>>> print(open('final.cif').read())   # mmCIF, C-alpha atoms and all ligand atoms
data_run
#
loop_
_atom_site.label_atom_id
_atom_site.label_comp_id
_atom_site.auth_asym_id
_atom_site.auth_seq_id
_atom_site.Cartn_x
_atom_site.Cartn_y
_atom_site.Cartn_z
CA MET A 1357 21.66 -24.48 16.28
CA LYS A 1358 19.87 -25.15 19.57
CA LYS A 1359 16.28 -24.71 20.62
CA ALA A 1360 15.45 -23.43 24.08
CA LYS A 1361 12.05 -23.14 25.71
CA ILE A 1362 11.16 -19.97 27.60
CA VAL A 1363 10.22 -21.01 31.13
CA LYS A 1364 10.01 -17.61 32.84
CA LYS A 1365 9.59 -14.04 31.68
CA ARG A 1366 9.23 -10.76 33.50
CA PHE A 1367 9.49 -7.09 32.62
CA LEU A 1368 11.65 -4.84 34.79
CA GLY A 1369 10.06 -1.46 34.20
CA THR A 1370 9.14 -0.91 30.57
CA SER A 1371 12.49 -1.37 28.84
CA PHE A 1372 14.19 -4.38 30.44
CA VAL A 1373 13.14 -8.02 30.14
CA GLU A 1374 14.38 -11.03 32.06
CA LEU A 1375 13.96 -14.38 30.30
CA TRP A 1376 14.80 -17.83 31.63
CA LEU A 1377 15.34 -20.55 29.03
CA GLU A 1378 15.61 -24.30 29.31
CA GLU A 1379 18.68 -25.67 27.52
CA ASN A 1380 20.82 -28.20 29.28
CA ASP A 1381 24.20 -27.70 27.53
CA ILE A 1382 24.25 -23.92 27.90
CA ALA A 1383 23.09 -24.13 31.50
CA HIS A 1384 25.89 -26.55 32.36
CA LEU A 1385 28.74 -25.24 30.22
CA ALA A 1386 28.42 -21.45 30.31
CA ILE A 1387 30.89 -19.36 32.30
CA PRO A 1388 30.52 -15.66 33.20
CA GLY A 1389 31.29 -13.42 30.22
CA GLN A 1390 30.09 -15.85 27.57
CA PHE A 1391 27.10 -15.06 25.41
CA VAL A 1392 24.44 -16.57 23.16
CA MET A 1393 23.25 -15.50 19.70
CA VAL A 1394 19.46 -15.48 19.70
CA ALA A 1395 17.11 -15.53 16.71
CA THR A 1396 14.64 -12.83 17.65
CA GLY A 1397 12.11 -13.60 14.93
CA SER A 1398 10.94 -16.67 13.11
CA GLY A 1399 12.23 -17.14 9.56
CA TYR A 1400 14.51 -14.48 8.07
CA ASP A 1401 13.18 -11.32 9.70
CA PRO A 1402 15.25 -10.04 11.48
CA PHE A 1403 17.87 -11.96 9.51
CA LEU A 1404 20.72 -11.73 12.02
CA LYS A 1405 20.69 -13.26 15.48
CA ARG A 1406 21.38 -10.86 18.35
CA PRO A 1407 24.09 -11.36 21.03
CA PHE A 1408 23.14 -11.42 24.73
CA GLY A 1409 25.30 -12.09 27.77
CA ILE A 1410 24.40 -14.93 30.12
CA LEU A 1411 22.97 -13.66 33.40
CA ALA A 1412 23.07 -16.85 35.46
CA CYS A 1413 22.61 -20.62 35.19
CA GLN A 1414 20.53 -22.90 37.39
CA GLU A 1415 20.09 -26.64 36.84
CA ASN A 1416 19.02 -26.97 33.19
CA GLN A 1417 18.10 -23.29 32.73
CA PHE A 1418 19.93 -20.06 32.01
CA GLY A 1419 18.86 -16.44 32.27
CA LEU A 1420 19.08 -13.45 29.93
CA LEU A 1421 18.33 -9.85 30.77
CA PHE A 1422 18.04 -7.42 27.89
CA GLU A 1423 17.13 -3.86 27.16
CA ILE A 1424 14.63 -3.12 24.41
CA VAL A 1425 16.59 -0.86 22.07
CA GLY A 1426 15.48 -1.76 18.54
CA ARG A 1427 13.53 -4.13 16.36
CA GLY A 1428 15.15 -7.42 17.43
CA THR A 1429 14.83 -6.83 21.16
CA GLN A 1430 11.30 -5.47 20.66
CA ILE A 1431 10.24 -8.72 18.95
CA LEU A 1432 12.03 -10.85 21.56
CA SER A 1433 10.23 -9.00 24.34
CA GLN A 1434 6.92 -10.29 22.93
CA PHE A 1435 7.86 -13.98 23.24
CA GLU A 1436 5.92 -15.77 25.97
CA VAL A 1437 6.52 -18.62 28.40
CA GLY A 1438 6.32 -21.91 26.46
CA ASP A 1439 7.67 -20.41 23.19
CA GLN A 1440 10.81 -21.90 21.64
CA VAL A 1441 13.79 -19.75 20.72
CA ASP A 1442 16.54 -20.69 18.23
CA LEU A 1443 20.00 -19.85 19.48
CA LEU A 1444 23.72 -20.60 19.43
CA GLY A 1445 25.95 -20.86 22.47
CA PRO A 1446 27.62 -20.64 24.81
CA LEU A 1447 29.97 -18.50 22.64
CA GLY A 1448 33.21 -16.60 23.20
CA ASN A 1449 35.53 -16.67 26.17
CA GLY A 1450 34.72 -15.69 29.72
CA PHE A 1451 36.22 -13.85 32.66
CA SER A 1452 38.95 -15.40 34.80
CA VAL A 1453 37.27 -16.67 37.94
CA ASN A 1454 40.09 -17.19 40.45
CA PRO A 1455 41.37 -13.77 41.60
CA ASN A 1456 42.39 -13.23 45.21
CA GLU A 1457 40.12 -10.21 45.44
CA ALA A 1458 38.01 -8.43 42.84
CA ILE A 1459 36.29 -5.21 41.87
CA LEU A 1460 33.35 -5.36 39.48
CA ILE A 1461 32.33 -2.20 37.62
CA GLY A 1462 29.23 -2.16 35.44
CA GLY A 1463 26.89 0.38 33.93
CA GLY A 1464 23.30 -0.16 32.74
CA ARG A 1465 22.80 -3.49 30.99
CA GLY A 1466 26.57 -4.03 31.39
CA PHE A 1467 25.81 -5.60 34.76
CA VAL A 1468 24.61 -8.86 33.10
CA PRO A 1469 27.93 -10.76 32.83
CA LEU A 1470 29.12 -9.23 36.13
CA TYR A 1471 26.03 -10.53 37.93
CA PHE A 1472 26.93 -14.08 36.83
CA LEU A 1473 30.54 -13.46 37.90
CA ALA A 1474 29.43 -12.12 41.30
CA GLN A 1475 27.42 -15.30 41.86
CA ILE A 1476 30.49 -17.45 41.13
CA PHE A 1477 32.66 -15.33 43.45
CA THR A 1478 30.04 -15.69 46.18
CA ILE A 1479 30.09 -19.48 45.82
CA LYS A 1480 33.90 -19.53 45.77
CA LYS A 1481 34.07 -17.10 48.73
CA ILE A 1482 36.26 -14.66 46.77
CA PRO A 1483 35.95 -11.18 48.30
CA PHE A 1484 34.63 -8.56 45.89
CA GLN A 1485 33.06 -5.12 45.71
CA PHE A 1486 30.43 -4.46 43.02
CA PHE A 1487 30.10 -0.92 41.59
CA PHE A 1488 26.98 -0.45 39.53
CA GLY A 1489 25.78 2.71 37.81
CA ILE A 1490 22.59 3.83 36.17
CA LYS A 1491 21.92 6.87 34.01
CA ASN A 1492 18.52 7.89 35.36
CA ARG A 1493 15.71 7.01 37.79
CA GLU A 1494 14.01 4.81 35.18
CA GLU A 1495 16.91 2.38 35.41
CA LYS A 1496 16.34 2.01 39.17
CA VAL A 1497 14.52 -1.24 38.35
CA LEU A 1498 17.96 -2.73 37.77
CA ILE A 1499 19.06 -1.70 41.26
CA ASP A 1500 15.95 -3.29 42.77
CA TYR A 1501 16.81 -6.42 40.83
CA LEU A 1502 20.40 -6.49 42.09
CA THR A 1503 19.50 -5.84 45.71
CA GLU A 1504 17.43 -9.04 45.70
CA LEU A 1505 20.86 -10.63 46.26
CA SER A 1506 23.10 -9.52 49.06
CA PHE A 1507 26.19 -8.55 47.07
CA PRO A 1508 28.44 -5.84 48.54
CA MET A 1509 27.42 -2.95 46.26
CA ILE A 1510 27.99 0.74 45.64
CA PHE A 1511 25.47 2.47 43.36
CA SER A 1512 25.67 5.62 41.30
CA CYS A 1513 23.15 7.57 39.28
CA GLN A 1514 23.75 10.50 36.97
CA GLU A 1515 20.56 12.07 38.37
CA LYS A 1516 20.29 12.91 42.05
CA VAL A 1517 18.92 9.93 44.02
CA ASP A 1518 19.15 9.54 47.81
CA GLY A 1519 21.82 7.07 48.88
CA PHE A 1520 23.47 6.97 45.45
CA TYR A 1521 26.77 8.50 44.41
CA CYS A 1522 25.83 11.29 42.01
CA GLY A 1523 27.85 10.83 38.79
CA THR A 1524 29.08 7.94 36.67
CA ILE A 1525 30.02 4.64 38.24
CA LEU A 1526 33.61 5.15 37.21
CA GLU A 1527 33.72 8.45 39.12
CA ALA A 1528 32.27 6.60 42.13
CA PHE A 1529 34.95 3.94 41.79
CA ILE A 1530 37.81 6.46 41.43
CA ASP A 1531 36.56 8.36 44.50
CA TRP A 1532 36.33 5.12 46.51
CA TYR A 1533 39.73 3.96 45.26
CA HIS A 1534 41.49 7.18 46.29
CA HIS A 1535 39.96 6.95 49.77
CA SER A 1536 40.53 3.21 50.15
CA PRO A 1537 43.27 2.43 52.72
CA SER A 1538 44.25 -0.74 50.87
CA LYS A 1539 45.74 -0.40 47.39
CA THR A 1540 46.66 -4.09 47.15
CA LEU A 1541 46.49 -5.61 43.71
CA LYS A 1542 42.89 -6.44 42.97
CA LYS A 1543 41.55 -7.76 39.72
CA ILE A 1544 39.11 -5.37 38.05
CA TYR A 1545 36.27 -6.61 35.85
CA ALA A 1546 34.36 -4.04 33.81
CA CYS A 1547 31.45 -4.01 31.41
CA GLY A 1548 30.03 -0.77 30.07
CA PRO A 1549 30.61 1.93 27.47
CA LEU A 1550 33.93 2.52 25.71
CA GLY A 1551 34.46 5.77 27.66
CA MET A 1552 34.58 3.73 30.88
CA PHE A 1553 37.36 1.53 29.51
CA GLN A 1554 39.31 4.55 28.21
CA ALA A 1555 39.12 6.21 31.62
CA LEU A 1556 40.22 3.01 33.39
CA ASN A 1557 43.12 2.82 30.96
CA ARG A 1558 44.23 6.31 31.99
CA MET A 1559 44.38 5.48 35.72
CA LYS A 1560 48.04 5.75 36.63
CA ASP A 1561 48.30 3.30 39.53
CA ILE A 1562 46.29 0.47 37.91
CA GLN A 1563 47.97 -1.76 35.33
CA PRO A 1564 45.92 -2.61 32.19
CA SER A 1565 46.84 -6.28 32.84
CA GLN A 1566 44.84 -6.05 36.11
CA ILE A 1567 41.68 -5.21 34.17
CA GLU A 1568 39.39 -7.51 32.21
CA VAL A 1569 36.70 -5.87 30.10
CA SER A 1570 33.74 -7.33 28.25
CA LEU A 1571 33.21 -5.59 24.90
CA GLU A 1572 29.95 -5.05 23.09
CA SER A 1573 30.32 -4.82 19.30
CA ARG A 1574 27.91 -5.29 16.42
CA MET A 1575 27.89 -9.00 15.55
CA GLY A 1576 26.75 -10.79 12.42
CA CYS A 1577 27.53 -14.45 13.07
CA GLY A 1578 28.93 -14.76 16.62
CA TYR A 1579 31.62 -17.33 15.76
CA GLY A 1580 34.37 -15.71 13.70
CA VAL A 1581 33.12 -15.93 10.11
CA CYS A 1582 31.61 -12.59 9.07
CA LEU A 1583 34.35 -10.25 10.43
CA SER A 1584 31.84 -7.65 11.56
CA CYS A 1585 33.17 -7.51 15.12
CA ALA A 1586 36.85 -6.70 14.55
CA VAL A 1587 38.76 -4.75 17.20
CA LYS A 1588 42.36 -3.59 16.66
CA LYS A 1589 45.11 -5.35 18.62
CA LYS A 1590 47.30 -3.11 20.72
CA GLY A 1591 51.03 -3.19 20.10
CA SER A 1592 50.90 -5.62 17.18
CA PRO A 1593 49.34 -5.57 13.74
CA GLY A 1594 45.95 -7.16 13.10
CA TYR A 1595 42.57 -7.50 14.69
CA PHE A 1596 40.76 -9.65 17.23
CA HIS A 1597 37.25 -10.93 16.64
CA VAL A 1598 35.20 -9.85 19.63
CA CYS A 1599 32.93 -12.90 19.19
CA LYS A 1600 35.68 -15.53 19.05
CA ASP A 1601 38.71 -14.01 20.82
CA GLY A 1602 36.48 -12.09 23.29
CA PRO A 1603 34.13 -10.64 24.30
CA VAL A 1604 36.40 -10.57 27.39
CA PHE A 1605 39.86 -9.05 26.89
CA GLN A 1606 42.62 -7.74 29.09
CA LEU A 1607 42.48 -3.99 28.73
CA GLY A 1608 46.10 -3.87 27.57
CA GLU A 1609 45.45 -6.16 24.59
CA ILE A 1610 43.08 -3.93 22.62
CA GLU A 1611 43.20 -0.53 20.96
CA LEU A 1612 40.39 1.60 22.37
C1 LIG A 1701 28.73 -9.99 23.62
C2 LIG A 1701 27.51 -9.13 23.74
C3 LIG A 1701 26.69 -9.29 24.84
C4 LIG A 1701 25.54 -8.50 24.98
N1 LIG A 1701 24.77 -8.68 26.07
C5 LIG A 1701 23.66 -7.95 26.23
C6 LIG A 1701 22.82 -8.16 27.37
O1 LIG A 1701 23.10 -9.00 28.22
N2 LIG A 1701 21.71 -7.39 27.48
C7 LIG A 1701 21.39 -6.43 26.53
O2 LIG A 1701 20.37 -5.75 26.68
N3 LIG A 1701 22.17 -6.24 25.44
C8 LIG A 1701 23.29 -6.96 25.26
N4 LIG A 1701 24.06 -6.77 24.15
C9 LIG A 1701 23.63 -5.77 23.15
C10 LIG A 1701 22.53 -6.38 22.28
O3 LIG A 1701 23.10 -7.39 21.48
C11 LIG A 1701 21.92 -5.30 21.37
O4 LIG A 1701 21.29 -4.33 22.17
C12 LIG A 1701 20.91 -5.94 20.44
O5 LIG A 1701 21.59 -6.74 19.48
C13 LIG A 1701 20.10 -4.87 19.73
O6 LIG A 1701 19.25 -5.50 18.80
P1 LIG A 1701 18.00 -4.73 18.21
O7 LIG A 1701 17.60 -5.42 16.96
O8 LIG A 1701 16.94 -4.55 19.24
O9 LIG A 1701 18.55 -3.30 17.92
P2 LIG A 1701 19.09 -2.71 16.54
O10 LIG A 1701 17.91 -2.21 15.79
O11 LIG A 1701 20.04 -3.65 15.89
O12 LIG A 1701 19.91 -1.49 17.12
C14 LIG A 1701 19.32 -0.52 18.00
C15 LIG A 1701 20.39 0.36 18.62
O13 LIG A 1701 21.27 -0.42 19.43
C16 LIG A 1701 22.62 -0.32 18.97
N5 LIG A 1701 23.23 -1.66 19.02
C17 LIG A 1701 22.80 -2.77 18.39
N6 LIG A 1701 23.62 -3.80 18.65
C18 LIG A 1701 24.60 -3.35 19.45
C19 LIG A 1701 25.73 -3.92 20.03
N7 LIG A 1701 26.09 -5.20 19.83
N8 LIG A 1701 26.51 -3.14 20.80
C20 LIG A 1701 26.20 -1.87 21.01
N9 LIG A 1701 25.14 -1.25 20.48
C21 LIG A 1701 24.35 -1.98 19.70
C22 LIG A 1701 22.51 0.18 17.56
O14 LIG A 1701 23.66 0.92 17.15
C23 LIG A 1701 21.29 1.04 17.58
O15 LIG A 1701 21.58 2.33 18.06
C24 LIG A 1701 25.22 -7.53 23.99
C25 LIG A 1701 26.06 -7.36 22.87
C26 LIG A 1701 27.19 -8.14 22.76
C27 LIG A 1701 28.08 -7.98 21.57
S1 LIG A 1702 30.38 -11.67 14.67
FE1 LIG A 1702 30.96 -12.59 12.81
S2 LIG A 1702 33.12 -12.66 13.02
FE2 LIG A 1702 32.48 -11.88 14.93
#
>>> encode(input="final.cif", output="structure tokens")
Amino acid sequence: MKKAKIVKKRFLGTSFVELWLEENDIAHLAIPGQFVMVATGSGYDPFLKRPFGILACQENQFGLLFEIVGRGTQILSQFEVGDQVDLLGPLGNGFSVNPNEAILIGGGRGFVPLYFLAQIFTIKKIPFQFFFGIKNREEKVLIDYLTELSFPMIFSCQEKVDGFYCGTILEAFIDWYHHSPSKTLKKIYACGPLGMFQALNRMKDIQPSQIEVSLESRMGCGYGVCLSCAVKKKGSPGYFHVCKDGPVFQLGEIEL
């Protein structure tokens, strides 16, 4: 178990919180796609730690960005700068970081591991296009956050917003892909709801081996002991543990 001190906190709108924590090992070892298990309360309530993707690392600090969806995230949102948090990490595997060219597709809070990945691609000068979708105008705070960096981005919103593709981010991607003059083999990295992965899987001219996805499942321990995060293997018997074998998988490896 590690202890990390909160060094920066800010709300993005009313339901998203960005936290920066000081912990040397995580800040130096984490790669995009990995996560931490955070104790959201003190003592045994809530009993289970909660998994959060790593947003970015800088010197001896790393960032988290989470959505308040239930009791654990509600309690965590009340922590203040200077408080200590108990956590485990970095856990799981990460994305591959050496493609020739990449497409990143994320929806809602699914942008967190992709944001870290986009920073690494920028440093490595790997060309990429980032597709990011929100459900409604309230989530526009995430767009404002992302446009603080100059990533090449295409945005979508399921409500009508000027300058945004109107629909899901996958629809925006498919539209772009069909109009794109170059269909050269690009690596696709996706993080979002299951429906997004199922639709990607159905795309005829993209191989599942070209696609890496980061899965979100309910997690009890975060390191392969409790078996709460099992996902069925595709084409062979048995299960993967999302926490230990993932959360990043090639799309062709898992049963959706
Ligand atoms: C590897 C991984 C990385 C994650 N990264 C992030 C992140 O960067 N930012 C972020 O906001 N969230 C992330 N999550 C989801 C986050 O862990 C949950 O939202 C959080 O655990 C909810 O805790 P809670 O006590 O507030 O909600 P609970 O009271 O436990 O649940 C509230 C609602 O959220 C749903 N929920 C809870 N946990 C999950 C989960 N693991 N997957 C899908 N739905 C869930 C429940 O079904 C319920 O509807 C990640 C999950 C995983 C597995
Ligand atoms: S969360 Fe316990 S085995 Fe994966």
>>> residues_around(input="final.cif", residues="segment 1370-1376 of chain A", least_positions_apart="5", cutoff="6 Å", atoms="only C-alpha atoms", output="ChimeraX atom specification")
/A:1362-1365,1418-1424
>>> closest_atom_pairs(input="final.cif", of="segment 1379-1409 of chain A", to="segment 1562-1580 of chain A", cutoff="8 Å", atoms="only C-alpha atoms", output="Markdown table")
| residue | atom | partner | partner_atom | distance |
| --- | --- | --- | --- | --- |
| A:Gly1389 | CA | A:Ser1570 | CA | 6.9 |
| A:Met1393 | CA | A:Gly1578 | CA | 6.5 |
| A:Leu1404 | CA | A:Gly1576 | CA | 6.1 |
| A:Lys1405 | CA | A:Gly1576 | CA | 7.2 |
| A:Arg1406 | CA | A:Met1575 | CA | 7.3 |
| A:Pro1407 | CA | A:Met1575 | CA | 7.1 |
>>> closest_residue(input="final.cif", among="A:Pro1593, A:Pro1508, A:Pro1446, A:Gly1399", to="Lys1358 of chain A", atoms="all atoms listed in the file")
A:Pro1446
>>> closest_residue(input="final.cif", among="A:Thr1524, A:Ser1584, A:Gln1475, A:Asn1456", to="Lys1542 of chain A", atoms="all atoms listed in the file")
A:Asn1456
>>> atom_distance(input="final.cif", atom1="atom C27 of ligand LIG 1701 (chain A)", atom2="atom CA of Phe1435 of chain A")
21.2 Å
>>> atom_distance(input="final.cif", atom1="atom CA of Cys1585 of chain A", atom2="atom S2 of ligand LIG 1702 (chain A)")
5.6 Å
>>> atom_distance(input="final.cif", atom1="atom CA of Gly1450 of chain A", atom2="atom CA of Gly1548 of chain A")
15.6 Å
>>> residues_around(input="final.cif", residues="Glu1415 of chain A", least_positions_apart="6", cutoff="9 Å", atoms="only C-alpha atoms", output="list in words")
Asn1380, Ala1383 and His1384 of chain A
>>> axis_aligned_box(input="final.cif", around="ligand LIG 1701 (chain A)", padding_each_side="8 Å", output="AutoDock Vina command-line options")
--center_x 22.8 --center_y -3.8 --center_z 22.0 --size_x 27.8 --size_y 28.3 --size_z 28.4
>>> residues_around(input="final.cif", residues="Gly1409 of chain A", least_positions_apart="4", cutoff="7 Å", atoms="all atoms listed in the file", output="list in words")
Gly1389, Gln1390, Phe1391, Val1392, Leu1420, Val1468 and Pro1469 of chain A
>>> residues_around(input="final.cif", residues="Gly1551 of chain A", least_positions_apart="2", cutoff="12 Å", atoms="all atoms listed in the file", output="tab-separated table (two decimals) with C-alpha atoms, in the frame of the given file")
chain	number	residue	atom	x	y	z
A	1463	GLY	CA	26.89	0.38	33.93
A	1524	THR	CA	29.08	7.94	36.67
A	1525	ILE	CA	30.02	4.64	38.24
A	1526	LEU	CA	33.61	5.15	37.21
A	1527	GLU	CA	33.72	8.45	39.12
A	1546	ALA	CA	34.36	-4.04	33.81
A	1547	CYS	CA	31.45	-4.01	31.41
A	1548	GLY	CA	30.03	-0.77	30.07
A	1549	PRO	CA	30.61	1.93	27.47
A	1553	PHE	CA	37.36	1.53	29.51
A	1554	GLN	CA	39.31	4.55	28.21
A	1555	ALA	CA	39.12	6.21	31.62
A	1556	LEU	CA	40.22	3.01	33.39
A	1557	ASN	CA	43.12	2.82	30.96
A	1558	ARG	CA	44.23	6.31	31.99
A	1571	LEU	CA	33.21	-5.59	24.90
A	1612	LEU	CA	40.39	1.60	22.37
>>> closest_residue(input="final.cif", among="A:Gly1448, A:Gly1466, A:Pro1537, A:Gly1523", to="ligand LIG 1702 (chain A)", atoms="only C-alpha atoms and all ligand atoms")
A:Gly1448
>>> residues_near_point(input="final.cif", point="(8.8, -13.0, 13.3)", cutoff="12 Å", atoms="all atoms listed in the file", output="ChimeraX atom specification")
/A:1395-1403,1427-1435,1441-1442
>>> closest_residue(input="final.cif", among="A:Phe1520, A:Gln1514, A:Ile1544, A:Asp1531", to="Phe1486 of chain A", atoms="only C-alpha atoms")
A:Ile1544
>>> closest_residue(input="final.cif", among="A:Ile1387, A:Ile1410, A:Val1453, A:Cys1513", to="ligand LIG 1701 (chain A)", atoms="only C-alpha atoms and all ligand atoms")
A:Ile1410
>>> closest_residue(input="final.cif", among="A:Thr1478, A:Thr1503, A:Ser1512, A:Gln1414", to="Gly1462 of chain A", atoms="all atoms listed in the file")
A:Ser1512
>>> residues_around(input="final.cif", residues="Lys1481 of chain A", least_positions_apart="2", cutoff="12 Å", atoms="only C-alpha atoms", output="list in words")
Val1453, Asn1454, Pro1455, Asn1456, Glu1457, Ala1458, Leu1473, Ala1474, Gln1475, Ile1476, Phe1477, Thr1478, Ile1479, Pro1483, Phe1484 and Phe1507 of chain A
